[in-house]
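Undergrad: Got my_file-v2.csv for you, CSV, C-alpha atoms:
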chain,number,residue,atom,x,y,z
V,1,MET,CA,8.2,-24.5,13.3
V,2,ALA,CA,5.0,-26.2,12.2
V,3,GLY,CA,3.0,-24.6,15.1
V,4,CYS,CA,4.1,-21.0,14.5
V,5,ALA,CA,3.9,-21.4,10.8
V,6,VAL,CA,0.1,-21.8,11.1
V,7,LYS,CA,-0.7,-19.8,14.2
V,8,GLY,CA,2.1,-17.1,13.9
V,9,GLY,CA,4.8,-16.0,16.3
V,10,CYS,CA,7.9,-17.4,14.7
V,11,PRO,CA,11.2,-15.6,15.3
V,12,THR,CA,11.2,-14.4,11.7
V,13,ASP,CA,7.8,-13.0,12.2
V,14,TYR,CA,8.9,-10.8,15.1
V,15,LEU,CA,12.0,-9.9,13.1
V,16,ALA,CA,9.9,-8.6,10.2
V,17,ILE,CA,7.7,-6.7,12.6
V,18,ALA,CA,10.7,-5.1,14.3
V,19,ILE,CA,12.2,-4.1,10.9
V,20,SER,CA,8.8,-2.6,9.8
V,21,VAL,CA,8.5,-0.5,13.0
V,22,VAL,CA,12.0,0.9,12.5
V,23,ALA,CA,11.3,1.6,8.8
V,24,PHE,CA,8.0,3.4,9.6
V,25,VAL,CA,9.6,5.5,12.2
V,26,LEU,CA,12.2,6.6,9.6
V,27,LEU,CA,9.5,7.3,7.1
V,28,LEU,CA,7.6,9.4,9.6
V,29,TRP,CA,10.7,11.3,10.5
V,30,ARG,CA,11.5,12.1,6.9
V,31,ALA,CA,7.9,13.4,6.5
V,32,ILE,CA,8.0,15.7,9.5
V,33,PHE,CA,11.7,16.7,9.4
V,34,PRO,CA,11.4,19.7,7.0
V,35,PHE,CA,8.6,21.2,9.1
V,36,LEU,CA,10.4,20.7,12.5
V,37,VAL,CA,13.9,21.7,11.5
V,38,HIS,CA,13.4,24.2,8.6
V,39,LYS,CA,10.2,25.6,10.0
V,40,LEU,CA,8.5,25.3,6.6
V,41,PRO,CA,5.0,26.7,6.5
V,42,ARG,CA,2.1,24.3,6.3
V,43,SER,CA,-0.5,24.8,3.5
V,44,ASN,CA,-3.7,23.4,2.3
V,45,SER,CA,-2.3,22.4,-1.1
V,46,SER,CA,-2.0,18.8,-2.2
V,47,ALA,CA,1.8,19.0,-2.1
V,48,PHE,CA,1.4,19.0,1.7
V,49,TRP,CA,-1.5,16.7,2.5
V,50,ILE,CA,-0.9,13.9,-0.2
V,51,PRO,CA,2.5,12.9,1.4
V,52,ILE,CA,0.7,12.9,4.8
V,53,ILE,CA,-2.0,10.6,3.5
V,54,GLN,CA,0.8,8.4,2.1
V,55,VAL,CA,2.3,8.0,5.6
V,56,PHE,CA,-1.2,7.2,7.0
V,57,ALA,CA,-1.7,4.6,4.2
V,58,SER,CA,1.7,3.1,4.8
V,59,PHE,CA,0.9,2.6,8.5
V,60,ASN,CA,-2.5,1.0,7.6
V,61,LEU,CA,-0.8,-1.4,5.1
V,62,LEU,CA,1.9,-2.5,7.5
V,63,LEU,CA,-0.5,-3.0,10.4
V,64,SER,CA,-3.1,-4.8,8.3
V,65,ILE,CA,-0.5,-7.3,7.0
V,66,VAL,CA,0.7,-8.0,10.5
V,67,MET,CA,-2.9,-8.6,11.7
V,68,SER,CA,-4.1,-10.6,8.8
V,69,VAL,CA,-1.2,-12.8,7.7
V,70,ASP,CA,-0.6,-14.7,11.0
V,71,PHE,CA,2.5,-12.8,12.2
V,72,ILE,CA,1.2,-12.7,15.7
V,73,ASN,CA,-0.5,-15.6,17.5
V,74,PHE,CA,-3.9,-14.5,18.8
V,75,GLU,CA,-7.5,-15.6,18.7
V,76,ARG,CA,-9.9,-13.6,16.6
V,77,ARG,CA,-12.7,-13.0,19.1
V,78,HIS,CA,-13.8,-9.5,18.2
V,79,TRP,CA,-15.0,-7.9,14.9
V,80,TRP,CA,-12.0,-5.6,14.7
V,81,GLN,CA,-9.7,-8.6,14.7
V,82,SER,CA,-11.4,-10.3,11.7
V,83,CYS,CA,-9.8,-10.9,8.3
V,84,TYR,CA,-12.5,-8.8,6.6
V,85,PHE,CA,-11.6,-5.8,8.7
V,86,TRP,CA,-7.8,-6.0,8.2
V,87,ALA,CA,-7.3,-7.8,4.9
V,88,GLY,CA,-10.5,-6.6,3.3
V,89,TRP,CA,-10.9,-2.9,4.4
V,90,VAL,CA,-7.7,-1.6,5.9
V,91,GLU,CA,-5.2,-3.3,3.6
V,92,GLY,CA,-7.2,-2.7,0.4
V,93,PRO,CA,-9.0,0.7,0.2
V,94,PHE,CA,-7.1,2.4,3.1
V,95,GLY,CA,-3.7,0.7,2.6
V,96,PHE,CA,-2.3,-0.3,-0.8
V,97,GLY,CA,-5.2,1.3,-2.6
V,98,LEU,CA,-4.7,4.6,-1.0
V,99,LEU,CA,-1.0,4.6,-1.7
V,100,LEU,CA,-1.6,3.9,-5.4
V,101,ALA,CA,-4.3,6.5,-5.5
V,102,CYS,CA,-2.0,9.2,-4.1
V,103,ARG,CA,0.7,8.3,-6.7
V,104,ILE,CA,-1.9,8.5,-9.5
V,105,ALA,CA,-3.2,11.8,-8.2
V,106,GLN,CA,0.3,13.2,-8.3
V,107,ALA,CA,0.9,12.0,-11.8
V,108,TYR,CA,-2.5,13.3,-13.0
V,109,GLN,CA,-1.7,16.8,-11.6
V,110,LEU,CA,1.7,16.9,-13.5
V,111,TYR,CA,0.0,15.6,-16.6
V,112,CYS,CA,-2.7,18.3,-16.6
V,113,ILE,CA,-0.2,21.1,-15.8
V,114,PHE,CA,2.7,20.2,-18.1
V,115,VAL,CA,1.0,18.3,-21.0
V,116,LYS,CA,-2.5,19.8,-21.2
V,117,ARG,CA,-1.3,23.3,-20.0
V,118,ARG,CA,-4.2,23.8,-17.6
V,119,LEU,CA,-5.1,23.2,-14.1
V,120,PRO,CA,-6.7,19.8,-13.3
V,121,LEU,CA,-10.4,19.8,-13.9
V,122,ILE,CA,-11.0,17.8,-10.7
V,123,ARG,CA,-9.7,18.8,-7.3
V,124,SER,CA,-7.1,16.5,-5.8
V,125,TYR,CA,-9.2,15.3,-3.0
V,126,VAL,CA,-12.2,14.6,-5.3
V,127,PHE,CA,-9.9,12.7,-7.7
V,128,LEU,CA,-8.5,10.7,-4.8
V,129,LEU,CA,-12.0,9.7,-3.6
V,130,LEU,CA,-13.0,8.7,-7.1
V,131,THR,CA,-9.9,6.6,-7.5
V,132,LEU,CA,-10.6,4.8,-4.2
V,133,LEU,CA,-14.2,3.8,-5.3
V,134,PRO,CA,-13.1,0.5,-7.0
V,135,TRP,CA,-11.2,-0.5,-3.9
V,136,ILE,CA,-14.1,0.2,-1.6
V,137,ALA,CA,-16.5,-1.7,-4.0
V,138,GLY,CA,-14.0,-4.6,-4.0
V,139,ALA,CA,-13.8,-4.7,-0.3
V,140,ALA,CA,-17.6,-4.6,0.1
V,141,VAL,CA,-18.0,-7.5,-2.4
V,142,ILE,CA,-15.3,-9.6,-0.6
V,143,HIS,CA,-17.0,-8.9,2.8
V,144,VAL,CA,-20.5,-9.8,1.5
V,145,ARG,CA,-19.5,-12.9,-0.3
V,146,LYS,CA,-17.2,-14.1,2.5
V,147,ALA,CA,-14.2,-14.7,0.3
V,148,PHE,CA,-11.7,-15.4,3.1
V,149,ASN,CA,-11.1,-18.8,4.6
V,150,ASP,CA,-10.3,-19.4,8.3
V,151,ARG,CA,-6.6,-18.5,7.6
V,152,CYS,CA,-7.4,-15.2,5.8
V,153,HIS,CA,-6.6,-16.6,2.4
V,154,MET,CA,-8.6,-16.1,-0.8
V,155,GLY,CA,-9.1,-18.8,-3.4
V,156,THR,CA,-8.0,-18.5,-7.1
V,157,LEU,CA,-11.5,-17.2,-8.0
V,158,TRP,CA,-10.9,-14.1,-5.8
V,159,ILE,CA,-7.1,-13.6,-6.1
V,160,ILE,CA,-7.3,-13.1,-9.9
V,161,PRO,CA,-9.6,-10.0,-9.7
V,162,ALA,CA,-7.6,-8.7,-6.8
V,163,VAL,CA,-4.3,-8.9,-8.7
V,164,SER,CA,-6.0,-7.4,-11.8
V,165,LEU,CA,-7.1,-4.4,-9.8
V,166,HIS,CA,-3.6,-3.8,-8.6
V,167,THR,CA,-2.2,-4.2,-12.2
V,168,LEU,CA,-4.9,-1.8,-13.6
V,169,PHE,CA,-3.9,0.9,-11.1
V,170,VAL,CA,-0.2,0.5,-11.8
V,171,ALA,CA,-0.9,0.7,-15.6
V,172,ALA,CA,-2.8,3.9,-15.0
V,173,LEU,CA,0.2,5.3,-13.1
V,174,VAL,CA,2.5,4.2,-15.9
V,175,GLY,CA,0.3,5.8,-18.5
V,176,PHE,CA,0.2,9.3,-16.8
V,177,THR,CA,3.9,9.2,-16.1
V,178,ALA,CA,4.8,8.1,-19.6
V,179,ALA,CA,2.8,11.1,-20.9
V,180,ILE,CA,5.1,13.6,-19.1
V,181,ARG,CA,8.4,11.8,-19.6
V,182,HIS,CA,9.6,14.5,-22.1
V,183,ILE,CA,9.1,17.3,-19.6
V,184,GLU,CA,12.3,18.7,-18.0
V,185,PHE,CA,11.5,19.3,-14.4
V,186,ARG,CA,13.4,21.6,-12.1
V,187,PHE,CA,13.1,19.1,-9.2
V,188,ASP,CA,12.8,15.3,-9.1
V,189,GLU,CA,9.1,14.7,-9.5
V,190,LEU,CA,9.4,12.6,-12.6
V,191,ARG,CA,12.3,10.5,-11.3
V,192,ASP,CA,10.4,9.9,-8.1
V,193,LEU,CA,7.3,8.7,-10.0
V,194,TRP,CA,9.3,6.3,-12.1
V,195,ARG,CA,11.1,5.0,-9.1
V,196,GLY,CA,7.8,4.5,-7.3
V,197,ILE,CA,6.4,2.6,-10.3
V,198,LEU,CA,9.4,0.3,-10.4
V,199,VAL,CA,9.1,-0.5,-6.7
V,200,LEU,CA,5.3,-0.8,-6.9
V,201,ALA,CA,5.6,-3.4,-9.6
V,202,SER,CA,8.3,-5.3,-7.7
V,203,ALA,CA,6.2,-5.2,-4.5
V,204,ILE,CA,3.1,-6.5,-6.3
V,205,GLY,CA,5.3,-9.3,-7.8
V,206,VAL,CA,6.6,-10.3,-4.4
V,207,TRP,CA,3.1,-10.1,-2.9
V,208,VAL,CA,1.6,-12.3,-5.6
V,209,THR,CA,4.4,-14.9,-5.3
V,210,SER,CA,4.2,-14.9,-1.5
V,211,TYR,CA,0.4,-15.3,-1.6
V,212,ILE,CA,0.5,-18.2,-4.1
V,213,LEU,CA,3.2,-20.0,-2.1
V,214,ASN,CA,1.1,-19.7,1.0
V,215,GLU,CA,-2.1,-20.7,-0.7
V,216,ILE,CA,-0.8,-23.7,-2.7
V,217,HIS,CA,1.8,-25.1,-0.2
V,218,ASP,CA,-0.1,-25.1,3.1
V,219,ASP,CA,1.7,-28.3,4.1
V,220,ILE,CA,5.2,-26.8,3.9
V,221,SER,CA,5.8,-24.9,7.1
V,222,TRP,CA,9.1,-23.2,6.3
V,223,LEU,CA,7.7,-21.9,3.0
V,224,GLN,CA,4.8,-20.2,4.7
V,225,VAL,CA,7.1,-18.6,7.2
V,226,VAL,CA,9.6,-17.4,4.6
V,227,SER,CA,6.9,-16.1,2.2
V,228,ARG,CA,5.1,-14.0,4.7
V,229,PHE,CA,8.4,-12.6,5.9
V,230,PHE,CA,9.2,-11.4,2.4
V,231,LEU,CA,5.6,-10.2,2.0
V,232,LEU,CA,6.1,-7.6,4.8
V,233,ILE,CA,9.7,-6.8,3.7
V,234,ALA,CA,8.4,-6.0,0.2
V,235,VAL,CA,6.0,-3.4,1.6
V,236,ILE,CA,8.8,-1.9,3.7
V,237,LEU,CA,11.1,-1.6,0.7
V,238,HIS,CA,8.3,0.0,-1.4
V,239,ARG,CA,7.8,2.8,1.1
V,240,GLN,CA,11.5,3.4,1.9
V,241,VAL,CA,12.6,3.5,-1.8
V,242,SER,CA,9.6,5.3,-3.3
V,243,SER,CA,9.1,7.9,-0.6
Would you write out, as structure tokens, the structure that this file holds?

TA:
Amino acid sequence: MAGCAVKGGCPTDYLAIAISVVAFVLLLWRAIFPFLVHKLPRSNSSAFWIPIIQVFASFNLLLSIVMSVDFINFERRHWWQSCYFWAGWVEGPFGFGLLLACRIAQAYQLYCIFVKRRLPLIRSYVFLLLTLLPWIAGAAVIHVRKAFNDRCHMGTLWIIPAVSLHTLFVAALVGFTAAIRHIEFRFDELRDLWRGILVLASAIGVWVTSYILNEIHDDISWLQVVSRFFLLIAVILHRQVSS
């Protein structure tokens, strides 16, 4: 247990990976099912491409956690295996950050249409890019300042701003969603947003707890294994429940 807790490759690690693969296949099937079975026409509107981007971000997030949190025992010999590539860039701007940005973009559209009674002033793809800028800047700073140690962990000095960025984006999503809570929708947009917020908050809580346990209790092997197992499961539950 002590060896795989540090280097990866414990039975629970492979179990979490297997569960995540099955969950992602189900997520992908739910995304493409209406177009394959019901022959729905594809369009260039955000209602089509934002869910596609969310699937892409989910894949990035799952894969980046597997590659950066010692689920698999391998040596980091190439640049594309480094902590900064997976934990810094893929997991941040193009994983969790992209998922949050998509949710905020959806809430912003509903807010403009149903509260302000006008079309959004900013196109969806421009709004999405602007929302990602803080994540890209954060990943760049982490990369330049070499914030990760040899086990892909950040110290307290870095984890506090990272958690604050997650919390700020969740707060923005709550703000837009609360502004349209009085609107009676024909479909389930508002319910889905609130459900996504609840799961997002829970996933962030589990992520922070798992990280702190890994960071503080490096000498407790079983705690490291259990915490990273729940870290990946939290991401899976977020995508399955909020999608």

Undergrad: What gap, in Å, lies between atom CA of Thr12 of chain V and atom CA of Val226 of chain V?

TA: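 Rounded to one decimal, the two atoms are 7.9 Å apart.
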
Undergrad: Using atom CA of Ile142 of chain V and atom CA of Phe169 of chain V as the two end points, give the distance in Å to one decimal.

TA: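 Distance between the two atoms: 18.7 Å.
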
Undergrad: What is the atom CA of Ala18 of chain V-atom CA of Ser221 of chain V distance in Å, reported with one decimal?

TA: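 Interatomic distance here is 21.6 Å.
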
Undergrad: Go through V:Cys10, V:Val55, V:Ile65, V:Leu15 and flag the residue nearest Leu27 of chain V, using all atoms listed in the file for the distances.

TA: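 Under the stated criterion, the closest residue is V:Val55.
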
Undergrad: Between segment 98-192 of chain V and segment 73-89 of chain V, at 12 Å or less, what are the per-residue closest atom pairs and their distances in Å? Count all atoms listed in the file, order by chain and rising residue number, and return it as CSV.

TA:
residue,atom,partner,partner_atom,distance
V:Leu98,CA,V:Trp89,CA,11.1
V:Leu132,CA,V:Trp89,CA,11.5
V:Trp135,CA,V:Trp89,CA,8.6
V:Ile136,CA,V:Trp89,CA,7.5
V:Ala137,CA,V:Trp89,CA,10.2
V:Gly138,CA,V:Gly88,CA,8.3
V:Ala139,CA,V:Gly88,CA,5.2
V:Ala140,CA,V:Gly88,CA,8.0
V:Val141,CA,V:Gly88,CA,9.5
V:Ile142,CA,V:Gly88,CA,6.9
V:His143,CA,V:Tyr84,CA,5.9
V:Val144,CA,V:Tyr84,CA,9.5
V:Arg145,CA,V:Tyr84,CA,10.6
V:Lys146,CA,V:Tyr84,CA,8.2
V:Ala147,CA,V:Tyr84,CA,8.8
V:Phe148,CA,V:Cys83,CA,7.1
V:Asn149,CA,V:Cys83,CA,8.8
V:Asp150,CA,V:Cys83,CA,8.5
V:Arg151,CA,V:Cys83,CA,8.3
V:Cys152,CA,V:Cys83,CA,5.5
V:His153,CA,V:Cys83,CA,8.8
V:Met154,CA,V:Ala87,CA,10.2
V:Trp158,CA,V:Gly88,CA,11.8
V:Ala162,CA,V:Gly88,CA,10.7

Undergrad: Output C-alpha atoms for every residue in the selection just made, as a PDB file, keeping the file's coordinate frame.

TA:
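To be explicit, this is the file written out as result-v7.pdb:
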ATOM      1  CA  LEU V  98      -4.700   4.600  -1.000  1.00  0.00           C
ATOM      2  CA  LEU V 132     -10.600   4.800  -4.200  1.00  0.00           C
ATOM      3  CA  TRP V 135     -11.200  -0.500  -3.900  1.00  0.00           C
ATOM      4  CA  ILE V 136     -14.100   0.200  -1.600  1.00  0.00           C
ATOM      5  CA  ALA V 137     -16.500  -1.700  -4.000  1.00  0.00           C
ATOM      6  CA  GLY V 138     -14.000  -4.600  -4.000  1.00  0.00           C
ATOM      7  CA  ALA V 139     -13.800  -4.700  -0.300  1.00  0.00           C
ATOM      8  CA  ALA V 140     -17.600  -4.600   0.100  1.00  0.00           C
ATOM      9  CA  VAL V 141     -18.000  -7.500  -2.400  1.00  0.00           C
ATOM     10  CA  ILE V 142     -15.300  -9.600  -0.600  1.00  0.00           C
ATOM     11  CA  HIS V 143     -17.000  -8.900   2.800  1.00  0.00           C
ATOM     12  CA  VAL V 144     -20.500  -9.800   1.500  1.00  0.00           C
ATOM     13  CA  ARG V 145     -19.500 -12.900  -0.300  1.00  0.00           C
ATOM     14  CA  LYS V 146     -17.200 -14.100   2.500  1.00  0.00           C
ATOM     15  CA  ALA V 147     -14.200 -14.700   0.300  1.00  0.00           C
ATOM     16  CA  PHE V 148     -11.700 -15.400   3.100  1.00  0.00           C
ATOM     17  CA  ASN V 149     -11.100 -18.800   4.600  1.00  0.00           C
ATOM     18  CA  ASP V 150     -10.300 -19.400   8.300  1.00  0.00           C
ATOM     19  CA  ARG V 151      -6.600 -18.500   7.600  1.00  0.00           C
ATOM     20  CA  CYS V 152      -7.400 -15.200   5.800  1.00  0.00           C
ATOM     21  CA  HIS V 153      -6.600 -16.600   2.400  1.00  0.00           C
ATOM     22  CA  MET V 154      -8.600 -16.100  -0.800  1.00  0.00           C
ATOM     23  CA  TRP V 158     -10.900 -14.100  -5.800  1.00  0.00           C
ATOM     24  CA  ALA V 162      -7.600  -8.700  -6.800  1.00  0.00           C
TER      25      ALA V 162
END

Undergrad: Here is a test: counting all atoms listed in the file, which residue of V:Phe96, V:Phe59, V:Phe229, V:Phe48 is nearest to Gly9 of chain V?

TA: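 Residue with the minimum atom-to-atom distance to Gly9 of chain V: V:Phe229.
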
Undergrad: Considering all atoms listed in the file, can you say which of V:Val90, V:Ala101, V:Leu231, V:Ile72 comes closest to Pro11 of chain V?

TA: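 Of all the options, V:Ile72 lies closest to Pro11 of chain V.
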
Undergrad: Mind dumping a table of every segment 2-98 of chain V residue within 12 Å of segment 102-120 of chain V, with the nearest atom pair and its distance in Å to one decimal, using all atoms listed in the file, sorted by chain and rising number, as CSV?

TA:
residue,atom,partner,partner_atom,distance
V:Ser45,CA,V:Gln109,CA,11.9
V:Ser46,CA,V:Gln106,CA,8.6
V:Ala47,CA,V:Gln106,CA,8.6
V:Phe48,CA,V:Gln106,CA,11.6
V:Trp49,CA,V:Cys102,CA,10.0
V:Ile50,CA,V:Cys102,CA,6.2
V:Pro51,CA,V:Cys102,CA,8.0
V:Ile52,CA,V:Cys102,CA,10.0
V:Ile53,CA,V:Cys102,CA,7.7
V:Gln54,CA,V:Cys102,CA,6.8
V:Val55,CA,V:Cys102,CA,10.7
V:Phe56,CA,V:Cys102,CA,11.3
V:Ala57,CA,V:Cys102,CA,9.5
V:Ser58,CA,V:Cys102,CA,11.4
V:Pro93,CA,V:Cys102,CA,11.8
V:Phe94,CA,V:Cys102,CA,11.1
V:Gly95,CA,V:Cys102,CA,11.0
V:Phe96,CA,V:Cys102,CA,10.1
V:Gly97,CA,V:Cys102,CA,8.7
V:Leu98,CA,V:Cys102,CA,6.2
